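Asker: What follows is start18.txt, made up of compact mmCIF, C-alpha atoms (C1' of nucleotides):
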# COMPACT_ATOMS: atom_id res chain seq x y z
CA MET B 1 85.89 141.96 165.45
CA ALA B 2 87.99 139.89 163.08
CA GLN B 3 85.59 137.04 162.78
CA PRO B 4 86.52 134.19 160.50
CA ASP B 5 83.78 134.88 157.98
CA LEU B 6 84.83 138.50 157.79
CA GLN B 7 88.37 137.40 157.05
CA HIS B 8 86.97 135.15 154.41
CA ARG B 9 85.11 138.04 152.85
CA ILE B 10 88.32 140.02 152.64
CA LEU B 11 90.01 137.13 150.86
CA GLU B 12 87.09 136.84 148.48
CA MET B 13 87.28 140.50 147.64
CA LYS B 14 91.01 140.35 147.10
CA GLN B 15 90.63 137.39 144.80
CA ALA B 16 87.91 139.16 142.85
CA LEU B 17 90.16 142.16 142.35
CA LEU B 18 93.07 139.96 141.29
CA ASP B 19 90.83 138.08 138.88
CA ARG B 20 89.92 141.37 137.38
CA GLY B 21 93.55 142.09 136.75
CA VAL B 22 94.09 145.01 139.09
CA SER B 23 96.86 145.01 141.60
CA LEU B 24 96.38 144.76 145.33
CA THR B 25 98.16 147.81 146.58
CA PRO B 26 98.59 148.42 150.30
CA ARG B 27 95.99 151.18 150.20
CA ARG B 28 93.49 148.91 148.55
CA GLU B 29 94.09 146.14 151.02
CA LYS B 30 93.62 148.56 153.87
CA LEU B 31 90.44 149.83 152.27
CA LEU B 32 89.03 146.31 152.22
CA GLU B 33 89.89 145.88 155.88
CA VAL B 34 88.27 149.15 156.86
CA LEU B 35 85.18 148.40 154.82
CA ILE B 36 84.72 144.95 156.30
CA ALA B 37 85.64 145.95 159.82
CA SER B 38 82.99 148.63 159.99
CA ASP B 39 79.83 147.57 161.71
CA ASN B 40 77.78 150.26 160.13
CA HIS B 41 77.97 150.44 156.36
CA PRO B 42 80.55 153.20 156.03
CA SER B 43 80.48 156.07 153.58
CA ALA B 44 83.34 156.80 151.22
CA SER B 45 84.46 159.53 153.55
CA GLU B 46 84.49 157.22 156.55
CA ILE B 47 86.47 154.63 154.64
CA HIS B 48 88.83 157.41 153.66
CA GLU B 49 89.41 158.35 157.28
CA GLY B 50 90.03 154.73 158.19
CA VAL B 51 92.57 154.23 155.45
CA ARG B 52 94.23 157.54 156.26
CA ARG B 53 95.10 156.37 159.73
CA TYR B 54 97.53 153.99 158.08
CA TYR B 55 98.32 155.84 154.85
CA PRO B 56 97.86 159.50 155.66
CA GLY B 57 98.49 160.65 152.13
CA THR B 58 95.56 158.72 150.67
CA SER B 59 93.18 160.81 148.62
CA LEU B 60 89.44 160.50 148.49
CA ALA B 61 89.57 159.97 144.75
CA THR B 62 91.46 156.75 145.32
CA ILE B 63 88.74 155.56 147.67
CA TYR B 64 86.08 156.22 145.07
CA ASN B 65 88.21 154.62 142.43
CA THR B 66 88.62 151.41 144.39
CA ILE B 67 84.99 151.31 145.40
CA GLU B 68 84.18 151.50 141.70
CA LEU B 69 86.34 148.44 141.09
CA LEU B 70 84.56 146.62 143.87
CA LYS B 71 81.20 147.53 142.43
CA GLU B 72 82.20 146.30 139.01
CA THR B 73 83.22 142.97 140.45
CA GLY B 74 80.05 142.70 142.49
CA GLN B 75 81.99 142.78 145.74
CA VAL B 76 80.24 145.70 147.35
CA LEU B 77 76.65 146.83 147.55
CA GLU B 78 76.17 150.55 147.17
CA ILE B 79 73.29 151.98 149.14
CA GLU B 80 72.51 155.27 147.50
CA PHE B 81 71.18 158.36 149.18
CA SER B 82 70.11 161.65 147.81
CA GLY B 83 71.06 164.30 150.32
CA ALA B 84 73.69 162.29 152.11
CA ALA B 85 76.72 160.24 151.19
CA ASN B 86 76.25 156.77 149.79
CA ARG B 87 76.93 153.87 152.11
CA TYR B 88 78.66 150.61 151.32
CA ASP B 89 77.99 147.04 152.33
CA GLY B 90 80.97 144.82 151.79
CA ARG B 91 79.95 142.06 154.13
CA ILE B 92 76.85 141.10 152.18
CA PRO B 93 77.38 142.32 148.63
CA ASP B 94 74.15 140.91 147.23
CA SER B 95 70.87 142.80 147.34
CA HIS B 96 69.17 142.56 150.69
CA PRO B 97 66.93 144.82 152.75
CA HIS B 98 68.24 147.42 155.15
CA LEU B 99 66.93 149.33 158.11
CA ILE B 100 67.83 153.00 158.04
CA CYS B 101 67.54 155.24 161.08
CA LEU B 102 66.16 158.63 160.17
CA GLU B 103 67.68 160.06 163.31
CA CYS B 104 71.29 158.89 163.44
CA GLU B 105 71.62 157.56 159.91
CA ARG B 106 72.80 154.16 160.97
CA VAL B 107 72.17 151.39 158.48
CA ASP B 108 71.45 147.88 159.66
CA ASP B 109 71.11 144.72 157.70
CA LEU B 110 67.74 143.05 157.87
CA GLN B 111 68.08 139.33 158.10
CA LEU B 112 64.58 138.35 157.07
CA PRO B 113 64.58 136.58 153.73
CA GLU B 114 63.02 138.29 150.75
CA ASP B 115 60.56 136.63 148.48
CA ASP B 116 62.69 136.15 145.41
CA GLY B 117 59.99 134.23 143.62
CA SER B 118 58.04 137.41 143.14
CA LEU B 119 60.76 138.79 140.89
CA GLY B 120 59.75 136.48 138.11
CA GLU B 121 56.11 137.35 138.54
CA ILE B 122 56.87 141.04 138.43
CA ALA B 123 58.91 140.61 135.29
CA LYS B 124 56.06 138.69 133.73
CA ALA B 125 53.45 141.21 134.75
CA THR B 126 55.37 144.32 133.72
CA GLY B 127 57.65 143.26 130.89
CA TYR B 128 60.62 144.64 132.76
CA GLN B 129 63.79 142.64 132.82
CA ILE B 130 64.60 142.91 136.49
CA VAL B 131 68.20 143.15 137.60
CA ARG B 132 67.99 143.85 141.28
CA ARG B 133 65.74 144.98 144.05
CA ARG B 134 66.27 147.55 146.74
CA THR B 135 64.21 147.42 149.89
CA ASP B 136 64.78 149.85 152.73
CA TYR B 137 62.85 150.34 155.91
CA TYR B 138 63.12 153.84 157.29
CA GLY B 139 62.49 154.43 160.93
CA ILE B 140 63.98 155.10 164.33
CA CYS B 141 66.53 152.70 165.74
CA PRO B 142 66.19 151.45 169.30
CA GLU B 143 68.97 153.69 170.63
CA CYS B 144 67.42 156.81 169.17
CA GLN B 145 64.02 155.88 170.55
CA ILE B 146 65.54 155.85 174.02
CA LYS B 147 67.36 159.12 173.44
CA GLN B 148 64.12 160.71 172.37
CA GLY B 149 62.74 160.10 175.81
CA GLY B 150 60.31 157.42 174.85
CA ALA B 151 60.11 154.29 176.93
CA ALA B 152 62.37 151.41 176.04
CA PRO B 153 61.83 150.06 172.54
CA SER B 154 60.43 146.96 174.20
CA LYS B 155 60.93 144.89 171.06
CA GLY B 156 57.46 145.19 169.68
CA GLY B 157 56.32 148.66 170.44
CA ASP B 158 53.79 150.49 168.38
CA SER B 159 55.23 150.48 164.94
CA THR B 160 53.72 153.30 162.99
CA SER B 161 51.93 152.00 159.96
CA ASP B 162 52.19 155.29 158.23
CA LEU B 163 53.30 154.13 154.87
CA MET C 164 44.90 163.16 130.28
CA ALA C 165 42.70 165.04 132.70
CA GLN C 166 41.11 162.01 134.22
CA PRO C 167 38.61 162.51 137.01
CA ASP C 168 40.78 160.90 139.67
CA LEU C 169 43.71 163.04 138.67
CA GLN C 170 41.57 166.13 139.02
CA HIS C 171 40.55 164.83 142.39
CA ARG C 172 44.15 164.44 143.42
CA ILE C 173 44.83 168.05 142.51
CA LEU C 174 41.93 169.15 144.66
CA GLU C 175 43.21 167.01 147.52
CA MET C 176 46.64 168.55 147.26
CA LYS C 177 45.25 172.05 147.16
CA GLN C 178 43.15 171.40 150.22
CA ALA C 179 46.13 169.96 152.06
CA LEU C 180 48.13 173.08 151.31
CA LEU C 181 45.30 175.33 152.40
CA ASP C 182 44.86 173.33 155.59
CA ARG C 183 48.50 173.90 156.28
CA GLY C 184 47.94 177.61 156.04
CA VAL C 185 49.97 178.40 152.95
CA SER C 186 48.44 180.29 150.09
CA LEU C 187 47.66 178.82 146.72
CA THR C 188 49.56 181.07 144.38
CA PRO C 189 49.21 180.66 140.63
CA ARG C 190 52.67 179.18 140.39
CA ARG C 191 51.84 176.61 143.02
CA GLU C 192 48.60 175.65 141.34
CA LYS C 193 50.42 175.21 138.08
CA LEU C 194 53.05 173.12 139.78
CA LEU C 195 50.38 170.76 141.04
CA GLU C 196 48.95 170.44 137.55
CA VAL C 197 52.32 169.72 136.01
CA LEU C 198 53.17 167.20 138.69
CA ILE C 199 49.92 165.32 138.33
CA ALA C 200 49.79 165.52 134.56
CA SER C 201 53.18 163.88 134.15
CA ASP C 202 53.03 160.20 133.38
CA ASN C 203 56.55 159.57 134.50
CA HIS C 204 57.39 160.81 137.96
CA PRO C 205 59.01 164.12 137.06
CA SER C 206 62.12 165.61 138.57
CA ALA C 207 62.20 169.07 140.11
CA SER C 208 63.81 170.33 136.94
CA GLU C 209 61.10 168.84 134.75
CA ILE C 210 58.41 170.36 136.91
CA HIS C 211 60.27 173.62 136.65
CA GLU C 212 60.18 173.50 132.87
CA GLY C 213 56.48 172.70 132.91
CA VAL C 214 55.64 175.60 135.18
CA ARG C 215 57.89 177.91 133.22
CA ARG C 216 55.81 177.45 130.11
CA TYR C 217 53.08 179.38 131.90
CA TYR C 218 55.12 181.49 134.30
CA PRO C 219 58.47 182.02 132.59
CA GLY C 220 59.97 183.86 135.52
CA THR C 221 59.59 180.97 137.93
CA SER C 222 62.76 179.99 139.70
CA LEU C 223 63.89 176.51 140.56
CA ALA C 224 64.10 177.45 144.21
CA THR C 225 60.36 178.03 144.25
CA ILE C 226 59.82 174.56 142.85
CA TYR C 227 61.90 173.00 145.57
CA ASN C 228 60.20 175.15 148.14
CA THR C 229 56.73 174.03 147.11
CA ILE C 230 57.78 170.41 146.84
CA GLU C 231 58.96 170.69 150.40
CA LEU C 232 55.50 171.89 151.46
CA LEU C 233 53.96 168.96 149.63
CA LYS C 234 56.31 166.55 151.33
CA GLU C 235 55.47 167.98 154.73
CA THR C 236 51.78 167.51 154.11
CA GLY C 237 52.31 164.00 152.81
CA GLN C 238 51.04 164.94 149.38
CA VAL C 239 54.00 163.82 147.37
CA LEU C 240 56.32 160.85 147.51
CA GLU C 241 59.97 161.68 146.93
CA ILE C 242 61.93 158.98 145.19
CA GLU C 243 65.54 159.74 145.97
CA PHE C 244 68.52 159.04 143.78
CA SER C 245 72.17 159.48 144.37
CA GLY C 246 73.73 160.45 141.08
CA ALA C 247 70.58 161.77 139.47
CA ALA C 248 67.78 164.13 140.35
CA ASN C 249 65.06 163.00 142.72
CA ARG C 250 61.72 162.09 141.21
CA TYR C 251 58.28 162.86 142.55
CA ASP C 252 55.08 160.86 142.70
CA GLY C 253 52.04 163.04 143.30
CA ARG C 254 49.47 160.61 142.03
CA ILE C 255 50.11 158.00 144.69
CA PRO C 256 51.73 159.82 147.59
CA ASP C 257 51.91 156.80 149.91
CA SER C 258 54.82 154.39 149.88
CA HIS C 259 54.59 151.86 147.11
CA PRO C 260 57.07 149.97 144.97
CA HIS C 261 58.50 151.32 141.74
CA LEU C 262 60.15 149.92 138.68
CA ILE C 263 63.17 151.90 137.56
CA CYS C 264 64.72 151.50 134.15
CA LEU C 265 68.50 151.56 134.33
CA GLU C 266 68.64 152.54 130.68
CA CYS C 267 66.20 155.42 130.19
CA GLU C 268 65.54 156.27 133.82
CA ARG C 269 61.82 155.98 133.53
CA VAL C 270 60.00 155.22 136.77
CA ASP C 271 56.85 153.14 136.76
CA ASP C 272 54.48 152.38 139.56
CA LEU C 273 54.19 148.75 140.49
CA GLN C 274 50.64 147.82 141.25
CA LEU C 275 51.27 144.62 143.15
CA PRO C 276 50.28 144.97 146.79
CA GLU C 277 52.98 144.92 149.41
CA ASP C 278 52.83 142.80 152.49
CA ASP C 279 52.19 145.44 155.09
CA GLY C 280 51.80 142.88 157.82
CA SER C 281 55.50 142.24 157.78
CA LEU C 282 56.17 145.77 159.00
CA GLY C 283 55.00 144.89 162.45
CA GLU C 284 57.07 141.72 162.48
CA ILE C 285 60.16 143.61 161.42
CA ALA C 286 59.59 146.20 164.12
CA LYS C 287 59.23 143.44 166.66
CA ALA C 288 62.28 141.59 165.49
CA THR C 289 64.58 144.60 165.23
CA GLY C 290 63.31 147.10 167.76
CA TYR C 291 63.11 149.72 165.05
CA GLN C 292 60.09 151.95 164.94
CA ILE C 293 59.34 151.75 161.25
CA VAL C 294 58.00 154.79 159.47
CA ARG C 295 58.02 153.81 155.85
CA ARG C 296 59.35 151.35 153.34
CA ARG C 297 60.97 151.88 149.99
CA THR C 298 60.99 149.11 147.45
CA ASP C 299 62.45 149.61 144.01
CA TYR C 300 63.02 147.13 141.25
CA TYR C 301 65.85 148.10 138.93
CA GLY C 302 65.90 146.71 135.46
CA ILE C 303 65.30 147.33 131.80
CA CYS C 304 61.91 148.50 130.65
CA PRO C 305 60.21 146.80 127.69
CA GLU C 306 60.97 149.67 125.30
CA CYS C 307 64.66 149.65 126.10
CA GLN C 308 64.84 145.90 125.71
CA ILE C 309 63.59 146.28 122.18
CA LYS C 310 65.97 149.12 121.45
CA GLN C 311 68.84 147.00 122.65
CA GLY C 312 68.13 144.59 119.85
CA GLY C 313 66.87 141.78 121.97
CA ALA C 314 63.73 139.99 120.95
CA ALA C 315 60.41 141.39 122.10
CA PRO C 316 60.03 141.51 125.86
CA SER C 317 57.46 138.77 125.44
CA LYS C 318 55.96 139.40 128.86
CA GLY C 319 57.72 136.74 130.79
CA GLY C 320 61.12 136.43 129.29
CA ASP C 321 64.17 135.35 131.18
CA SER C 322 64.25 137.65 134.13
CA THR C 323 67.72 137.77 135.48
CA SER C 324 67.78 136.55 139.02
CA ASP C 325 71.00 138.29 139.72
CA LEU C 326 70.18 139.85 143.03
C1' DT T 327 51.38 197.03 156.58
C1' DT T 328 52.86 192.74 158.01
C1' DA T 329 53.95 188.28 156.60
C1' DA T 330 54.45 185.25 152.99
C1' DA T 331 56.14 184.21 148.30
C1' DT T 332 59.68 184.64 145.09
C1' DG T 333 63.94 185.46 142.14
C1' DC T 334 68.59 185.44 142.07
C1' DA T 335 72.97 184.11 143.19
C1' DA T 336 76.04 182.03 146.18
C1' DA T 337 77.00 178.16 149.09
C1' DT T 338 77.03 173.19 150.21
C1' DT T 339 77.84 168.46 149.43
C1' DT T 340 78.99 164.41 147.08
C1' DT T 341 81.09 162.35 143.34
C1' DT T 342 83.67 162.50 138.96
C1' DT T 343 87.28 163.85 135.95
C1' DG T 344 91.72 165.56 134.03
C1' DC T 345 96.33 165.85 134.42
C1' DG T 346 100.86 165.16 135.92
C1' DT T 347 104.01 162.30 138.74
C1' DG T 348 105.79 158.29 140.50
C1' DA T 349 105.97 153.35 141.27
C1' DT T 350 106.30 148.73 139.26
C1' DG T 351 106.78 144.82 136.48
C1' DC D 352 109.51 151.74 129.20
C1' DA D 353 104.79 151.21 129.39
C1' DT D 354 101.10 150.79 132.44
C1' DC D 355 98.78 151.38 136.41
C1' DA D 356 98.10 153.75 140.87
C1' DC D 357 97.64 157.93 142.88
C1' DG D 358 97.35 162.91 144.66
C1' DC D 359 95.67 167.14 143.68
C1' DA D 360 92.56 170.33 142.14
C1' DA D 361 88.95 171.57 139.28
C1' DA D 362 84.49 170.32 137.52
C1' DA D 363 79.70 168.70 137.79
C1' DA D 364 75.28 168.29 139.48
C1' DA D 365 71.41 168.65 142.79
C1' DT D 366 69.73 170.93 146.46
C1' DT D 367 69.68 174.53 150.05
C1' DT D 368 70.18 179.03 151.84
C1' DG D 369 70.60 184.18 152.33
C1' DC D 370 68.99 188.34 151.01
C1' DA D 371 66.35 191.76 148.73
C1' DT D 372 61.97 192.64 146.50
C1' DT D 373 57.40 191.97 145.28
C1' DT D 374 52.96 190.30 146.22
C1' DA D 375 49.01 189.76 148.73
C1' DA D 376 45.84 189.07 152.64
Do you think you could lay out the structure here as C-alpha cells?

Answerer:
Amino acid sequence: MAQPDLQHRILEMKQALLDRGVSLTPRREKLLEVLIASDNHPSASEIHEGVRRYYPGTSLATIYNTIELLKETGQVLEIEFSGAANRYDGRIPDSHPHLICLECERVDDLQLPEDDGSLGEIAKATGYQIVRRRTDYYGICPECQIKQGGAAPSKGGDSTSDL
Amino acid sequence: MAQPDLQHRILEMKQALLDRGVSLTPRREKLLEVLIASDNHPSASEIHEGVRRYYPGTSLATIYNTIELLKETGQVLEIEFSGAANRYDGRIPDSHPHLICLECERVDDLQLPEDDGSLGEIAKATGYQIVRRRTDYYGICPECQIKQGGAAPSKGGDSTSDL
DNA sequence: TTAAATGCAAATTTTTTGCGTGATG
DNA sequence: CATCACGCAAAAAATTTGCATTTAA
C-alpha cells in the first residue's frame, strides 16, 4: 500500500506546497497521505473522513482549501462531475483518461497512451489554444457486471458501441 | 438559421418523443426549437429563457423534465460541468468531442473523427463494458485570445502542450 | 374522467465564502 | 504582532422532488 513511488509522490507534493510558500501543517500532510493512499480517486468528502480519523476536528472547508492549493500547483487532477462530488487524482496529476463505472462510481486510470500529437493539429484546425484534454470512458466495471448477473466479464466481452 | 438539416433534427426529436408515448405540448415543441436553434450548446437556464419568450409562464422544472425525456430517448447529449450549468447538444446527440473555452465558456463541436476502434481494445484490456466516451479539449477560443491582447490566433499558433 | 403536464416552492447536494479565533514564526 | 491556518456557519448555484392544479386525450 505504501509503495515507493507513492511515497515519492507525497514528497513531490509536499515540496510543491513548500515551494509555493504555504506551510505543511499536520492536517495537510495527512490529507496528502489519504489522497495518495486511496486506490479510487477519492472525493473531498472521502478525504475529509480519512483525515478526520486522525484529526477529528478537521473541517471540510480546510479540505477544499488544501485541494485548491494542490490544484494551483498542478499536484492534483480534478475530475469534475455534475450531479456527484468531484474526484481527485493525486497519483497521476497530469491529464490522462479515466474509466468511470456508471454503477458504482469507481474511477480507474486508463493506462493506454493518448495521442498528444493531435493536440497541435486540433489547435491548428480550430484556432483554439488548447490547455488540456479530458477523456473519460463511461461504462460498467467488471465487478458490477458480475453483480448484475451477467456472465464473467471475460476480458473482451461484447462492448457496446453505443456512442 | 433554419437550415434543412436542423429542421430535420427537430422532426427526429419530435418523432422520438412521440414514439416514447409522451405528448408534444407547445412548450415542448418550443423547447426543441430553442435547443436546435442555439449555436452554442445552451444550458437549461438558457433554454428556459428562450421558451419563456413564447410561453412566459414556463417553469424551469418543465425544462429539466423535458430534457430528461430527450436524454432517455437519446435525442440530446448532456455535457456535464461541475461548477457551472450543464450544456446540451441537440444537433449531434451522439458522443463526440468538444472544445470548451475556459474564458467565455463557449462550447464548440470538434469535427475530427474519433477512433472508435479503440473502444473495443479498451474494453478488452480493462474488462469494462464501455457505454460511451467523453472527450473535451479545454482552452482559449480564438475570440478570447484576441481579447486578451495576444496577437491574432493565426490558426496554428503555439498550442500549449501542458497536459 | 383518467393520466399526463405543469407551476411553484421546498429540498438536496456540492462547493465557496465570510468572519472570528487561535497558532506560529 | 502580523500572518496564516482553521472551524463554523451561512451563502450560492444547479438540479430534483413533492404537491396541487390544469390540461388534454

Asker: Taking only C-alpha atoms (C1' of nucleotides) into account and nothing else, which residues of chain T lie no more than 10 Å away from chain B? Please answer as JSON, numbers by chain.

Answerer: {"T": [339, 340, 341, 342, 343]}

Asker: Excluding Val214 of chain C and any residue of its chain fewer than 2 positions from it, enumerate the residues within 10 Å of it, using only C-alpha atoms (C1' of nucleotides), and give them as number ranges by chain.

Answerer: C: 189-198, 208-212, 216-223, 226

Asker: Please produce chain B as a short mmCIF file (atom, residue, chain, number, x, y, z; two decimals) with C-alpha atoms, in the frame of the given file once it has been superposed on chain C, the fit using all Cα atoms paired in sequence order.

Answerer:
data_model
loop_
_atom_site.label_atom_id
_atom_site.label_comp_id
_atom_site.auth_asym_id
_atom_site.auth_seq_id
_atom_site.Cartn_x
_atom_site.Cartn_y
_atom_site.Cartn_z
CA MET B 1 45.04 162.92 130.32
CA ALA B 2 42.84 164.83 132.74
CA GLN B 3 41.20 161.84 134.25
CA PRO B 4 38.70 162.41 137.02
CA ASP B 5 40.83 160.81 139.71
CA LEU B 6 43.77 162.95 138.69
CA GLN B 7 41.61 166.03 139.04
CA HIS B 8 40.59 164.77 142.41
CA ARG B 9 44.20 164.40 143.43
CA ILE B 10 44.86 167.99 142.48
CA LEU B 11 41.96 169.11 144.65
CA GLU B 12 43.23 167.01 147.51
CA MET B 13 46.65 168.55 147.26
CA LYS B 14 45.24 172.05 147.12
CA GLN B 15 43.14 171.40 150.18
CA ALA B 16 46.13 170.00 152.03
CA LEU B 17 48.12 173.12 151.26
CA LEU B 18 45.25 175.37 152.32
CA ASP B 19 44.84 173.40 155.53
CA ARG B 20 48.45 174.00 156.21
CA GLY B 21 47.89 177.70 155.93
CA VAL B 22 49.89 178.47 152.82
CA SER B 23 48.39 180.31 149.94
CA LEU B 24 47.61 178.79 146.58
CA THR B 25 49.49 181.03 144.23
CA PRO B 26 49.16 180.60 140.47
CA ARG B 27 52.65 179.12 140.28
CA ARG B 28 51.83 176.58 142.93
CA GLU B 29 48.61 175.60 141.25
CA LYS B 30 50.43 175.15 137.98
CA LEU B 31 53.07 173.09 139.73
CA LEU B 32 50.40 170.72 141.01
CA GLU B 33 48.98 170.38 137.52
CA VAL B 34 52.36 169.66 135.99
CA LEU B 35 53.22 167.16 138.70
CA ILE B 36 49.96 165.26 138.34
CA ALA B 37 49.85 165.46 134.57
CA SER B 38 53.23 163.84 134.16
CA ASP B 39 53.10 160.16 133.42
CA ASN B 40 56.61 159.56 134.55
CA HIS B 41 57.43 160.81 138.02
CA PRO B 42 59.05 164.11 137.09
CA SER B 43 62.16 165.61 138.62
CA ALA B 44 62.23 169.08 140.11
CA SER B 45 63.85 170.32 136.95
CA GLU B 46 61.15 168.81 134.76
CA ILE B 47 58.44 170.33 136.91
CA HIS B 48 60.29 173.61 136.63
CA GLU B 49 60.22 173.45 132.85
CA GLY B 50 56.53 172.64 132.87
CA VAL B 51 55.67 175.54 135.12
CA ARG B 52 57.91 177.86 133.14
CA ARG B 53 55.85 177.35 130.03
CA TYR B 54 53.11 179.27 131.79
CA TYR B 55 55.13 181.44 134.18
CA PRO B 56 58.47 181.94 132.49
CA GLY B 57 59.96 183.83 135.38
CA THR B 58 59.57 180.95 137.84
CA SER B 59 62.75 179.99 139.63
CA LEU B 60 63.87 176.52 140.54
CA ALA B 61 64.07 177.49 144.19
CA THR B 62 60.33 178.05 144.19
CA ILE B 63 59.80 174.57 142.80
CA TYR B 64 61.88 173.05 145.57
CA ASN B 65 60.15 175.21 148.10
CA THR B 66 56.70 174.05 147.06
CA ILE B 67 57.76 170.44 146.81
CA GLU B 68 58.94 170.76 150.40
CA LEU B 69 55.48 171.94 151.42
CA LEU B 70 53.95 169.00 149.63
CA LYS B 71 56.29 166.61 151.36
CA GLU B 72 55.47 168.06 154.74
CA THR B 73 51.79 167.56 154.11
CA GLY B 74 52.31 164.04 152.85
CA GLN B 75 51.04 164.96 149.40
CA VAL B 76 54.03 163.84 147.40
CA LEU B 77 56.34 160.87 147.57
CA GLU B 78 59.98 161.69 146.99
CA ILE B 79 61.96 158.98 145.27
CA GLU B 80 65.55 159.74 146.05
CA PHE B 81 68.53 159.04 143.86
CA SER B 82 72.18 159.46 144.44
CA GLY B 83 73.75 160.47 141.17
CA ALA B 84 70.61 161.76 139.55
CA ALA B 85 67.80 164.13 140.42
CA ASN B 86 65.09 163.00 142.78
CA ARG B 87 61.76 162.08 141.27
CA TYR B 88 58.31 162.86 142.60
CA ASP B 89 55.11 160.86 142.75
CA GLY B 90 52.10 163.03 143.32
CA ARG B 91 49.51 160.60 142.07
CA ILE B 92 50.16 158.01 144.75
CA PRO B 93 51.76 159.83 147.66
CA ASP B 94 51.94 156.83 149.97
CA SER B 95 54.85 154.40 149.95
CA HIS B 96 54.61 151.87 147.17
CA PRO B 97 57.09 149.98 145.02
CA HIS B 98 58.51 151.33 141.80
CA LEU B 99 60.15 149.94 138.72
CA ILE B 100 63.17 151.92 137.61
CA CYS B 101 64.73 151.53 134.17
CA LEU B 102 68.49 151.58 134.35
CA GLU B 103 68.63 152.56 130.71
CA CYS B 104 66.21 155.45 130.25
CA GLU B 105 65.56 156.29 133.88
CA ARG B 106 61.83 156.02 133.60
CA VAL B 107 60.02 155.25 136.83
CA ASP B 108 56.87 153.18 136.82
CA ASP B 109 54.50 152.42 139.60
CA LEU B 110 54.19 148.78 140.53
CA GLN B 111 50.64 147.87 141.28
CA LEU B 112 51.24 144.65 143.17
CA PRO B 113 50.28 145.00 146.81
CA GLU B 114 52.99 144.92 149.43
CA ASP B 115 52.82 142.78 152.49
CA ASP B 116 52.20 145.40 155.12
CA GLY B 117 51.79 142.82 157.84
CA SER B 118 55.50 142.17 157.78
CA LEU B 119 56.18 145.68 159.01
CA GLY B 120 54.99 144.80 162.46
CA GLU B 121 57.05 141.64 162.49
CA ILE B 122 60.14 143.51 161.43
CA ALA B 123 59.61 146.08 164.13
CA LYS B 124 59.21 143.31 166.66
CA ALA B 125 62.27 141.44 165.49
CA THR B 126 64.59 144.44 165.25
CA GLY B 127 63.33 146.95 167.79
CA TYR B 128 63.13 149.58 165.09
CA GLN B 129 60.13 151.83 165.00
CA ILE B 130 59.37 151.66 161.31
CA VAL B 131 58.04 154.71 159.53
CA ARG B 132 58.04 153.74 155.91
CA ARG B 133 59.36 151.30 153.40
CA ARG B 134 60.98 151.85 150.06
CA THR B 135 61.01 149.09 147.50
CA ASP B 136 62.46 149.60 144.05
CA TYR B 137 63.00 147.13 141.27
CA TYR B 138 65.82 148.10 138.95
CA GLY B 139 65.88 146.72 135.47
CA ILE B 140 65.28 147.37 131.81
CA CYS B 141 61.89 148.56 130.67
CA PRO B 142 60.19 146.90 127.72
CA GLU B 143 60.94 149.77 125.33
CA CYS B 144 64.63 149.73 126.13
CA GLN B 145 64.77 145.97 125.72
CA ILE B 146 63.51 146.40 122.17
CA LYS B 147 65.93 149.24 121.48
CA GLN B 148 68.77 147.07 122.65
CA GLY B 149 68.06 144.70 119.83
CA GLY B 150 66.71 141.91 121.93
CA ALA B 151 63.53 140.19 120.86
CA ALA B 152 60.25 141.59 122.08
CA PRO B 153 59.90 141.62 125.85
CA SER B 154 57.28 138.93 125.40
CA LYS B 155 55.82 139.59 128.84
CA GLY B 156 57.64 136.89 130.71
CA GLY B 157 61.07 136.73 129.24
CA ASP B 158 64.07 135.55 131.15
CA SER B 159 64.19 137.79 134.13
CA THR B 160 67.69 137.82 135.47
CA SER B 161 67.76 136.61 139.02
CA ASP B 162 70.99 138.34 139.69
CA LEU B 163 70.17 139.90 142.98
#

Asker: Can you list, as a PyMOL selection string, every protein, DNA or RNA residue that comes within 10 Å of Glu235 of chain C when you count only C-alpha atoms (C1' of nucleotides), leaving out same-chain residues fewer than 3 positions away?

Answerer: chain C and resi 179-180+183+229-232+238-239

Asker: I'd like the box whose edges run along x, y and z of the file and which contains every listed atom of segment 345-348 of chain T, padded by 5 Å per side; could you state its centre and edge lengths in Å, one decimal, as AutoDock Vina command-line options?

Answerer:
--center_x 101.1 --center_y 162.1 --center_z 137.5 --size_x 19.5 --size_y 17.6 --size_z 16.1

Asker: Ranking B:Gly50, B:Gly149, B:Gly127, B:Pro93 by minimum distance to Glu78 of chain B and counting all atoms listed in the file, which one comes first?

Answerer: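 Result for the nearest residue to Glu78 of chain B: B:Pro93.
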
Asker: Would you mind listing, for every residue of chain D within 10 Å of segment 330-335 of chain T, the two atoms forming the shortest contact and the distance between them in Å to one decimal, using only C-alpha atoms (C1' of nucleotides), sorted by chain and ascending residue number, as a Markdown table?

Answerer:
| residue | atom | partner | partner_atom | distance |
| --- | --- | --- | --- | --- |
| D:DG369 | C1' | T:DA335 | C1' | 9.4 |
| D:DC370 | C1' | T:DC334 | C1' | 9.4 |
| D:DA371 | C1' | T:DG333 | C1' | 9.4 |
| D:DT372 | C1' | T:DT332 | C1' | 8.4 |
| D:DT373 | C1' | T:DT332 | C1' | 7.7 |
| D:DT374 | C1' | T:DA331 | C1' | 7.2 |
| D:DA375 | C1' | T:DA330 | C1' | 8.3 |
| D:DA376 | C1' | T:DA330 | C1' | 9.4 |

Asker: Using only C-alpha atoms (C1' of nucleotides), please write the residues we just selected to a file, as a PDB file, keeping the file's coordinate frame.

Answerer:
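Done, and the output landed in out.pdb:
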ATOM      1  C1'  DG D 369      70.600 184.180 152.330  1.00  0.00           C
ATOM      2  C1'  DC D 370      68.990 188.340 151.010  1.00  0.00           C
ATOM      3  C1'  DA D 371      66.350 191.760 148.730  1.00  0.00           C
ATOM      4  C1'  DT D 372      61.970 192.640 146.500  1.00  0.00           C
ATOM      5  C1'  DT D 373      57.400 191.970 145.280  1.00  0.00           C
ATOM      6  C1'  DT D 374      52.960 190.300 146.220  1.00  0.00           C
ATOM      7  C1'  DA D 375      49.010 189.760 148.730  1.00  0.00           C
ATOM      8  C1'  DA D 376      45.840 189.070 152.640  1.00  0.00           C
TER       9       DA D 376
END

Asker: Taking all atoms listed in the file into account, report as a list in words which residues of chain D lie within 9 Å of chain C.

Answerer: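 Residues satisfying the distance criterion: DA364, DA365, DT366 and DT367 of chain D.
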
Asker: Using C-alpha atoms (C1' of nucleotides), can you write the selected residues to a file as an mmCIF file, keeping the file's coordinate frame?

Answerer:
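Final output, saved to part_15.cif:
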data_model
loop_
_atom_site.group_PDB
_atom_site.id
_atom_site.type_symbol
_atom_site.label_atom_id
_atom_site.label_comp_id
_atom_site.auth_asym_id
_atom_site.auth_seq_id
_atom_site.Cartn_x
_atom_site.Cartn_y
_atom_site.Cartn_z
ATOM 1 C "C1'" DA D 364 75.280 168.290 139.480
ATOM 2 C "C1'" DA D 365 71.410 168.650 142.790
ATOM 3 C "C1'" DT D 366 69.730 170.930 146.460
ATOM 4 C "C1'" DT D 367 69.680 174.530 150.050
#
